[in-house]
Protein chains: 4
Amino acid sequence: MLAELSVFPLDKGGKGLSHYVAGAIEIIEESGLDYEVHAMGTLIEGPGDKVFEVIRKCHENMAAECNRVVTNVKIDDHKGVTGTLKAKVASVGQKLGHTVQKACG
Amino acid sequence: MLAELSVFPLDKGGKGLSHYVAGAIEIIEESGLDYEVHAMGTLIEGPGDKVFEVIRKCHENMAAECNRVVTNVKIDDHKGVTGTLKAKVASVGQKLGHTVQKACG
Amino acid sequence: MLAELSVFPLDKGGKGLSHYVAGAIEIIEESGLDYEVHAMGTLIEGPGDKVFEVIRKCHENMAAECNRVVTNVKIDDHKGVTGTLKAKVASVGQKLGHTVQKACG
Amino acid sequence: MLAELSVFPLDKGGKGLSHYVAGAIEIIEESGLDYEVHAMGTLIEGPGDKVFEVIRKCHENMAAECNRVVTNVKIDDHKGVTGTLKAKVASVGQKLGHTVQKACG
């Protein structure tokens with residue numbers, strides 16, 4: 001299962017949010033699941049139950065620290081398909097005939 | 001303005017979607033705006049009017065080819081703040097004290 | 001916690017999706033949580049752990065029936081605030097000085 | 001085209017947001033398009049170009065008043081299909097064999 005997660009506090013005036021986001025990334029890192037961070041969220045890939053668990057943990061962890069938390073989750077659950085974190089972008093590049101610009105910091 | 005766009009056809013049986021996605025990436029590339037492709041969407045950064053225009057174009061282009069199209073847009077519009085495509089991920093890494101895993105294919 | 005859930009199959013050609021969506025609504029109904037169905041998703045309100053559980057169940061149920069499932073979740077978790085399913089729309093109406101058009105079928 | 005829009009300020013401490021949301025609803029009302037407000041967003045139905053225009057206007061209007069604005073858009077563009085604001089919920093109810101609970105304030 002491939003999921004995209006974004007979690008952020010709504011009660012912090014929209015400043016210094018990376019401190020809170022870092023807490024979520026830490027939880028994802030500790031989960032041992034494959035992941036990739038981009039500027040508007042984090043992709044997580046793995047067995048459905050583990051992905052759901054880490055998403056819930058990230059949300060609850062931020063909700064414990066903050067008064068109002070907004071969480072967005074997008075899931076693409078394609079039976080029997082794994083390794084899509086890399087494969088999807090490569091497949092688009094193949095169609096275009098050139099490598100696409102990726103989130104490489 | 002920083003935006004995340006995902007556009008995909010709902011009437012193609014969920015297979016071979018990268019062909020359609022590639023059409024959207026091509027439009028984004030041609031726009032000249034900063035962008036990054038990841039496995040569940042594309043980040044686009046630039047002046048608000050240009051970003052809205054390219055989003056609309058990507059949707060309309062796919063809707064011309066497909067019978068049913070789902071488009072998701074997430075915008076983070078932070079006044080006077082630019083270059084966030086790279087800066088946001090770097091800022092989270094700084095909080096964590098180590099570089100985060102990015103979408104690097 | 002207030003959440004919005006949308007779950008749909010990507011492998012059914014974009015037709016007759018209401019059959020699958022109905023399965024998700026049934027799970028939500030059986031949960032006993034407050035909910036409201038609209039044309040692009042369902043709002044669910046209740047304790048965080050119960051809401052997360054019902055979201056996971058809806059997704060897993062459809063994933064058992066379908067080859068590819070897309071799930072979108074949006075959460076607004078405002079500490080100590082309940083009853084927002086009705087209160088939020090009423091509050092916007094108050095600001096406007098007139099009742100707003102609601103999703104009333 | 002059926003779209004769901006949510007626009008909110010991130011720099012207001014997560015309180016009193018309905019004032020800002022009301023501004024967006026006003027723009028949607030003035031557009032003359034079909035719409036429905038629910039607790040986490042507004043559904044808008046109409047010709048694609050008009051829907052895109054009203055979405056952009058809602059975002060720009062709030063961005064003029066606020067320092068940081070988050071906008072979420074979800075589009076379901078089904079060729080030749082109109083009146084889905086009501087029809088989709090009715091169709092799910094038909095599958096379930098009973099009327100579903102709608103967003104009726």
# chains A, B, ... in the order shown; residues from 1 in each chain; ligands from 1
$ interface_residues --of "chain A" --to "chain B" --cutoff "8 Å" --atoms "only C-alpha atoms" --output "PyMOL selection string"
chain A and resi 4+18-19+21-22+26+35-40+43+84-93+95-96+100-105
$ residues_around --residues "Asp49 of chain C" --least-positions-apart "5" --cutoff "10 Å" --atoms "only C-alpha atoms" --output "MDAnalysis selection string"
(chainID A and resid 56 60) or (chainID C and resid 1 54)
$ write_last_selection --atoms "N, CA, C and O atoms" --output "mmCIF file, in the first residue's frame"
data_model
loop_
_atom_site.group_PDB
_atom_site.id
_atom_site.type_symbol
_atom_site.label_atom_id
_atom_site.label_comp_id
_atom_site.auth_asym_id
_atom_site.auth_seq_id
_atom_site.Cartn_x
_atom_site.Cartn_y
_atom_site.Cartn_z
ATOM 1 N N ARG A 56 -1.882 6.869 12.123
ATOM 2 C CA ARG A 56 -2.610 7.183 13.354
ATOM 3 C C ARG A 56 -1.666 7.711 14.432
ATOM 4 O O ARG A 56 -1.945 8.703 15.099
ATOM 5 N N GLU A 60 -1.860 11.280 16.297
ATOM 6 C CA GLU A 60 -2.078 11.335 17.753
ATOM 7 C C GLU A 60 -0.919 12.016 18.475
ATOM 8 O O GLU A 60 -1.132 12.746 19.446
ATOM 9 N N MET C 1 -13.221 14.454 17.236
ATOM 10 C CA MET C 1 -12.473 14.554 15.985
ATOM 11 C C MET C 1 -13.441 14.520 14.812
ATOM 12 O O MET C 1 -14.355 13.696 14.786
ATOM 13 N N VAL C 54 -12.874 3.102 12.016
ATOM 14 C CA VAL C 54 -13.899 2.967 10.976
ATOM 15 C C VAL C 54 -13.344 3.322 9.588
ATOM 16 O O VAL C 54 -13.712 2.712 8.581
#
$ atom_distance --atom1 "atom CA of Val51 of chain C" --atom2 "atom CA of Val69 of chain C"
19.4 Å
$ select_by_dssp --residues "chain B" --states "helix (DSSP H, G or I)" --output "PyMOL selection string"
chain B and resi 18-31+48-65+84-96
$ write_last_selection --atoms "N, CA and C atoms" --output "tab-separated table (two decimals), in the first residue's frame"
chain	number	residue	atom	x	y	z
B	18	SER	N	0.25	5.76	-16.17
B	18	SER	CA	1.42	6.63	-16.32
B	18	SER	C	1.44	7.33	-17.69
B	19	HIS	N	0.84	6.71	-18.69
B	19	HIS	CA	0.73	7.38	-19.99
B	19	HIS	C	-0.01	8.71	-19.85
B	20	TYR	N	-1.11	8.69	-19.09
B	20	TYR	CA	-1.91	9.91	-18.92
B	20	TYR	C	-1.21	10.91	-18.01
B	21	VAL	N	-0.59	10.39	-16.96
B	21	VAL	CA	0.14	11.26	-16.03
B	21	VAL	C	1.28	11.97	-16.77
B	22	ALA	N	1.94	11.25	-17.68
B	22	ALA	CA	3.05	11.84	-18.43
B	22	ALA	C	2.59	13.08	-19.21
B	23	GLY	N	1.37	13.04	-19.71
B	23	GLY	CA	0.82	14.21	-20.43
B	23	GLY	C	0.74	15.42	-19.52
B	24	ALA	N	0.37	15.21	-18.27
B	24	ALA	CA	0.29	16.31	-17.31
B	24	ALA	C	1.69	16.85	-16.97
B	25	ILE	N	2.62	15.93	-16.77
B	25	ILE	CA	4.00	16.36	-16.44
B	25	ILE	C	4.58	17.19	-17.58
B	26	GLU	N	4.25	16.81	-18.80
B	26	GLU	CA	4.75	17.55	-19.95
B	26	GLU	C	4.25	19.01	-19.92
B	27	ILE	N	2.99	19.17	-19.58
B	27	ILE	CA	2.42	20.53	-19.48
B	27	ILE	C	3.12	21.32	-18.38
B	28	ILE	N	3.40	20.66	-17.28
B	28	ILE	CA	4.08	21.34	-16.16
B	28	ILE	C	5.50	21.72	-16.56
B	29	GLU	N	6.20	20.81	-17.24
B	29	GLU	CA	7.56	21.10	-17.72
B	29	GLU	C	7.57	22.32	-18.64
B	30	GLU	N	6.59	22.34	-19.55
B	30	GLU	CA	6.54	23.43	-20.52
B	30	GLU	C	6.21	24.78	-19.88
B	31	SER	N	5.61	24.74	-18.71
B	31	SER	CA	5.22	26.00	-18.04
B	31	SER	C	6.43	26.78	-17.56
B	48	GLY	N	1.09	32.65	-8.09
B	48	GLY	CA	-0.23	32.03	-7.98
B	48	GLY	C	-0.99	31.91	-9.30
B	49	ASP	N	-1.03	32.97	-10.08
B	49	ASP	CA	-1.83	32.92	-11.32
B	49	ASP	C	-1.28	31.87	-12.30
B	50	LYS	N	0.05	31.77	-12.37
B	50	LYS	CA	0.66	30.78	-13.28
B	50	LYS	C	0.41	29.36	-12.79
B	51	VAL	N	0.49	29.17	-11.48
B	51	VAL	CA	0.28	27.84	-10.93
B	51	VAL	C	-1.17	27.39	-11.17
B	52	PHE	N	-2.12	28.30	-10.92
B	52	PHE	CA	-3.53	27.97	-11.17
B	52	PHE	C	-3.75	27.64	-12.65
B	53	GLU	N	-3.10	28.38	-13.51
B	53	GLU	CA	-3.27	28.17	-14.96
B	53	GLU	C	-2.77	26.78	-15.37
B	54	VAL	N	-1.61	26.41	-14.86
B	54	VAL	CA	-1.05	25.12	-15.26
B	54	VAL	C	-1.87	23.95	-14.68
B	55	ILE	N	-2.42	24.15	-13.49
B	55	ILE	CA	-3.28	23.12	-12.89
B	55	ILE	C	-4.53	22.91	-13.75
B	56	ARG	N	-5.15	24.01	-14.14
B	56	ARG	CA	-6.35	23.94	-14.98
B	56	ARG	C	-6.05	23.25	-16.32
B	57	LYS	N	-4.92	23.61	-16.90
B	57	LYS	CA	-4.50	23.03	-18.19
B	57	LYS	C	-4.31	21.52	-18.07
B	58	CYS	N	-3.63	21.10	-17.01
B	58	CYS	CA	-3.38	19.66	-16.80
B	58	CYS	C	-4.71	18.91	-16.69
B	59	HIS	N	-5.64	19.49	-15.94
B	59	HIS	CA	-6.93	18.83	-15.79
B	59	HIS	C	-7.68	18.77	-17.12
B	60	GLU	N	-7.76	19.91	-17.80
B	60	GLU	CA	-8.53	19.98	-19.05
B	60	GLU	C	-7.94	19.08	-20.13
B	61	ASN	N	-6.63	19.00	-20.15
B	61	ASN	CA	-5.96	18.15	-21.12
B	61	ASN	C	-6.33	16.68	-20.91
B	62	MET	N	-6.34	16.25	-19.64
B	62	MET	CA	-6.70	14.85	-19.39
B	62	MET	C	-8.20	14.63	-19.61
B	63	ALA	N	-9.01	15.62	-19.25
B	63	ALA	CA	-10.46	15.49	-19.44
B	63	ALA	C	-10.82	15.42	-20.93
B	64	ALA	N	-9.96	15.96	-21.79
B	64	ALA	CA	-10.20	15.89	-23.23
B	64	ALA	C	-9.97	14.47	-23.74
B	65	GLU	N	-9.09	13.75	-23.08
B	65	GLU	CA	-8.70	12.39	-23.50
B	65	GLU	C	-9.50	11.30	-22.80
B	84	THR	N	10.38	27.16	-1.39
B	84	THR	CA	10.03	26.20	-0.34
B	84	THR	C	10.12	24.75	-0.81
B	85	LEU	N	10.20	24.56	-2.12
B	85	LEU	CA	10.30	23.20	-2.67
B	85	LEU	C	11.49	22.49	-2.02
B	86	LYS	N	12.59	23.19	-1.86
B	86	LYS	CA	13.77	22.62	-1.21
B	86	LYS	C	13.81	22.95	0.29
B	87	ALA	N	13.45	24.17	0.63
B	87	ALA	CA	13.70	24.68	1.98
B	87	ALA	C	12.92	23.94	3.04
B	88	LYS	N	11.69	23.51	2.71
B	88	LYS	CA	10.86	22.86	3.72
B	88	LYS	C	11.46	21.54	4.19
B	89	VAL	N	11.91	20.74	3.23
B	89	VAL	CA	12.49	19.45	3.58
B	89	VAL	C	13.79	19.66	4.35
B	90	ALA	N	14.59	20.63	3.94
B	90	ALA	CA	15.85	20.93	4.63
B	90	ALA	C	15.58	21.35	6.07
B	91	SER	N	14.53	22.13	6.27
B	91	SER	CA	14.20	22.63	7.60
B	91	SER	C	13.80	21.49	8.54
B	92	VAL	N	13.06	20.53	8.02
B	92	VAL	CA	12.69	19.37	8.83
B	92	VAL	C	13.94	18.56	9.18
B	93	GLY	N	14.85	18.40	8.21
B	93	GLY	CA	16.09	17.68	8.44
B	93	GLY	C	16.92	18.35	9.55
B	94	GLN	N	16.95	19.67	9.53
B	94	GLN	CA	17.68	20.43	10.54
B	94	GLN	C	17.12	20.16	11.94
B	95	LYS	N	15.79	20.12	12.03
B	95	LYS	CA	15.15	19.84	13.33
B	95	LYS	C	15.51	18.43	13.82
B	96	LEU	N	15.58	17.50	12.87
B	96	LEU	CA	15.87	16.10	13.22
B	96	LEU	C	17.36	15.88	13.48
